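Asks: First the structure, which I've put down as structure tokens, then a few questions once you've had a look.
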Amino acid sequence: MNKLFVVSAPSGTGKTTLNNRLASEFSNIEISVSQTTRKPREGDVNGVSYHFVTVDVFQCMIDSGEMLEWADVFGNFYGTSHKEIQRIMDKKHDVLLEIDVQGCMSILRRKPQTITIFILPPSIETLWHRLEQRGTDPLNVRWRRFLEAKHEIDAGHVYEHFIVNDNVDRAYGELKSIIIDGKHSTHSHQEGLDICRKLMNEYQTSPLLQDLKNKFGEDLGPVHG
Ligand code: ADP
Ligand code: 5GP
């Protein structure tokens, strides 16, 4: 029986880095390719990173019931099609969904046996620096993703397993032990929630964040990225 995994993380935490490593090491794990209305970034390949579609095409897919789940994330639509899951299941591979917390909640309603993993940054300052270091998004898009991460972290209670991506090799080892060996994350659910609370608290107390808020404000505006 194929297994279904959801791996979510605030943007910039490192989930793509970790998931790609897992999928390249284990050929029986496949990352589902979502549909999105986001514009391709440099390095994005249509059909590999995402299926890049127009809003009209995305809307048609929703209307015709082709989506298993979808959500508006950072002002763009993202969704998983039934067809994509079926494609992977037909190969008898396990499915890894890299989706946001709204998507995770939709999937859990339809498929409660799904194994859910939340990857967290060691601190919100590190999250900001990783978004900067990745260098794929303009400043306004980074800022929006950074502020919205707070809401995602606040919804962390939805997940079963928690991994802190402080060090890639260590975090990868944990991801592997959950997905491949079927173990529980090192952190208990309660510890995971405590880490989420600590990160939420940093949004109030971090001097870096105060500085950024003074510079850019908290109004997200109609930014699409
Ligand atoms: P996400 O998919 O969660 O948005 P990415 O996988 O694109 O995040 O990672 C964001 C950036 O952080 C990338 O530049 C990546 O190389 C870097 N990164 C990922 N994990 C770590 C880590 N443990 N330590 C330092 N940098 C990391
Ligand atoms: P990015 O634009 O950085 O590739 O992704 C932005 C966010 O969209 C990430 O949090 C990612 O998990 C989420 N996302 C990507 N694909 C899907 C999807 O199919 N469904 C949902 N609900 N979220 C998705």
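Going by the structure tokens order, chains are called A, B, ..., each with residues numbered from 1, while ligands are numbered from 1 in the order shown.
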Within 9 Å of ligand 2 (counting only C-alpha atoms and all ligand atoms), which residues show up? I'd like them as an mmCIF file with C-alpha atoms, in the first residue's frame.
Replies:
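Once written, out-v6.cif looks like this:
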```
data_model
loop_
_atom_site.group_PDB
_atom_site.id
_atom_site.type_symbol
_atom_site.label_atom_id
_atom_site.label_comp_id
_atom_site.auth_asym_id
_atom_site.auth_seq_id
_atom_site.Cartn_x
_atom_site.Cartn_y
_atom_site.Cartn_z
ATOM 1 C CA VAL A 7 6.088 17.873 4.320
ATOM 2 C CA SER A 8 5.469 21.563 5.038
ATOM 3 C CA ALA A 9 7.668 24.403 6.212
ATOM 4 C CA PRO A 10 7.666 28.180 6.264
ATOM 5 C CA SER A 11 9.120 29.377 2.959
ATOM 6 C CA GLY A 12 12.937 29.423 3.113
ATOM 7 C CA LYS A 15 12.076 21.691 2.732
ATOM 8 C CA THR A 16 12.922 21.588 -0.997
ATOM 9 C CA SER A 32 4.138 15.282 -6.312
ATOM 10 C CA VAL A 33 4.362 18.055 -8.918
ATOM 11 C CA SER A 34 1.755 20.701 -8.093
ATOM 12 C CA GLN A 35 -0.105 23.083 -10.362
ATOM 13 C CA THR A 36 0.568 26.762 -9.699
ATOM 14 C CA ARG A 38 2.965 31.580 -9.674
ATOM 15 C CA LYS A 39 5.408 32.810 -12.304
ATOM 16 C CA PRO A 40 8.441 30.523 -12.802
ATOM 17 C CA ARG A 41 11.592 31.586 -10.955
ATOM 18 C CA SER A 49 9.242 22.147 -10.222
ATOM 19 C CA TYR A 50 5.561 22.773 -10.947
ATOM 20 C CA LEU A 68 -7.434 16.869 -4.543
ATOM 21 C CA GLU A 69 -6.600 20.077 -2.667
ATOM 22 C CA TRP A 70 -5.699 23.669 -3.504
ATOM 23 C CA ALA A 71 -4.983 26.918 -1.683
ATOM 24 C CA ASP A 72 -4.169 30.571 -2.193
ATOM 25 C CA VAL A 73 -0.599 30.950 -0.916
ATOM 26 C CA PHE A 74 1.158 34.341 -1.029
ATOM 27 C CA ASN A 76 -1.024 32.719 -6.023
ATOM 28 C CA PHE A 77 -2.934 29.462 -6.428
ATOM 29 C CA TYR A 78 -1.217 26.153 -5.739
ATOM 30 C CA GLY A 79 -2.847 22.731 -5.913
ATOM 31 C CA THR A 80 -2.410 18.966 -6.121
ATOM 32 C CA SER A 81 -4.347 17.143 -8.837
ATOM 33 C CA LEU A 97 3.422 16.363 -0.944
ATOM 34 C CA GLU A 98 5.322 19.641 -0.486
ATOM 35 C CA ILE A 99 2.317 21.762 0.357
ATOM 36 C CA ASP A 100 1.296 24.483 2.796
ATOM 37 C CA VAL A 101 -0.644 24.123 6.020
ATOM 38 C CA GLN A 102 -4.035 24.787 4.362
ATOM 39 C CA GLY A 103 -3.297 21.972 1.934
ATOM 40 C CA CYS A 104 -2.208 19.730 4.804
ATOM 41 C CA MET A 105 -5.529 20.293 6.574
ATOM 42 C CA SER A 106 -7.509 19.496 3.390
ATOM 43 C CA ARG A 145 6.777 35.181 2.807
ATOM 44 C CA ALA A 149 5.521 32.304 8.029
ATOM 45 C CA GLU A 152 2.057 28.902 9.291
ATOM 46 C CA GLY A 225 5.448 36.289 -6.138
#
```
Asks: Grab me every residue within 10 Å of ligand 1, counting only C-alpha atoms and all ligand atoms, and send it over as a ChimeraX atom specification.
Replies: /A:7-20,98,119-122,126-136,145,164-172
Asks: Calculated over only C-alpha atoms, which of the candidates A:Leu209, A:Leu147, A:Leu175, A:Ile62 has the smallest distance to Arg21 in chain A?
Replies: A:Leu175
Asks: Just asking: which residues within chain A are alpha helix (DSSP H) according to DSSP, as an NGL selection string?
Replies: :A and (15-25 or 55-63 or 82-90 or 101-110 or 124-134 or 139-154 or 168-179 or 189-205 or 207-216)
Asks: Considering only C-alpha atoms, can you say which of A:Glu66, A:Glu25, A:Glu84, A:Asp194 comes closest to Gly47 in chain A?
Replies: A:Glu84
Asks: Work out how far CA of Glu30 in chain A is from CA of Val48 in chain A, in Å to one decimal.
Replies: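 CA of Glu30 in chain A lies 11.5 Å from CA of Val48 in chain A.
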Asks: Excluding Asn201 in chain A and residues on its chain fewer than 6 positions from it, collect all residues at most 10 Å away from it, counting only C-alpha atoms, and give them as a PyMOL selection string.
Replies: chain A and resi 124+150+195
Asks: Identify which of the residues A:Leu108, A:Leu208, A:Ile179, A:Val95 lies closest to Ser123 in chain A, counting only C-alpha atoms when measuring atom-to-atom distances.
Replies: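 Of A:Leu108, A:Leu208, A:Ile179, A:Val95, the one nearest Ser123 in chain A, counting only C-alpha atoms, is A:Leu208.
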Asks: Please, which residues of chain A, numbered as in this document, come out strand (DSSP E) from DSSP, as a VMD selection string?
Replies: chain A and resid 4 to 8 29 to 31 35 to 36 51 to 52 67 to 73 76 to 81 94 to 97 115 to 120 161 to 164
Asks: Can you list, as JSON, numbers by chain, every protein, DNA or RNA residue that comes within 10 Å of range 87-89 of chain A when you count only C-alpha atoms, leaving out same-chain residues fewer than 4 positions away?
Replies: {"A": [1, 2, 3, 4, 28, 29, 30, 31, 32, 82, 83, 93, 94, 95, 96]}
Asks: For Asp56 in chain A, which of A:Gln210, A:Ile115, A:Phe26, A:Thr37 is the closest residue, counting only C-alpha atoms?
Replies: A:Thr37
Asks: Near His184 in chain A, counting only C-alpha atoms, which residues have an atom at most 9 Å away, once you skip same-chain residues fewer than 4 positions from it, shown as an MDAnalysis selection string?
Replies: chainID A and resid 160:161 174 177:178 188
Asks: Name the residues in contact with Tyr159 in chain A at a cut-off of 6 Å, using only C-alpha atoms, excluding same-chain residues fewer than 3 positions from it; report them as a PyMOL selection string.
Replies: chain A and resi 116-117+156
Asks: Which neighbours of Arg197 in chain A fall inside 9 Å, counting only C-alpha atoms, when residues of the same chain fewer than 4 positions from it are skipped, and could you give them as a list in words?
Replies: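 Close residues of Arg197 in chain A: Ile153, Asp154, Gly192, Leu193, Asn201 and Glu202 of chain A.
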Asks: Let me make sure I understand: among A:Glu125, A:Phe52, A:Lys183, A:Val57, which one has the smallest atom-to-atom distance to Thr205 in chain A if we use only C-alpha atoms?
Replies: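 For Thr205 in chain A, the nearest of the candidates is A:Glu125.
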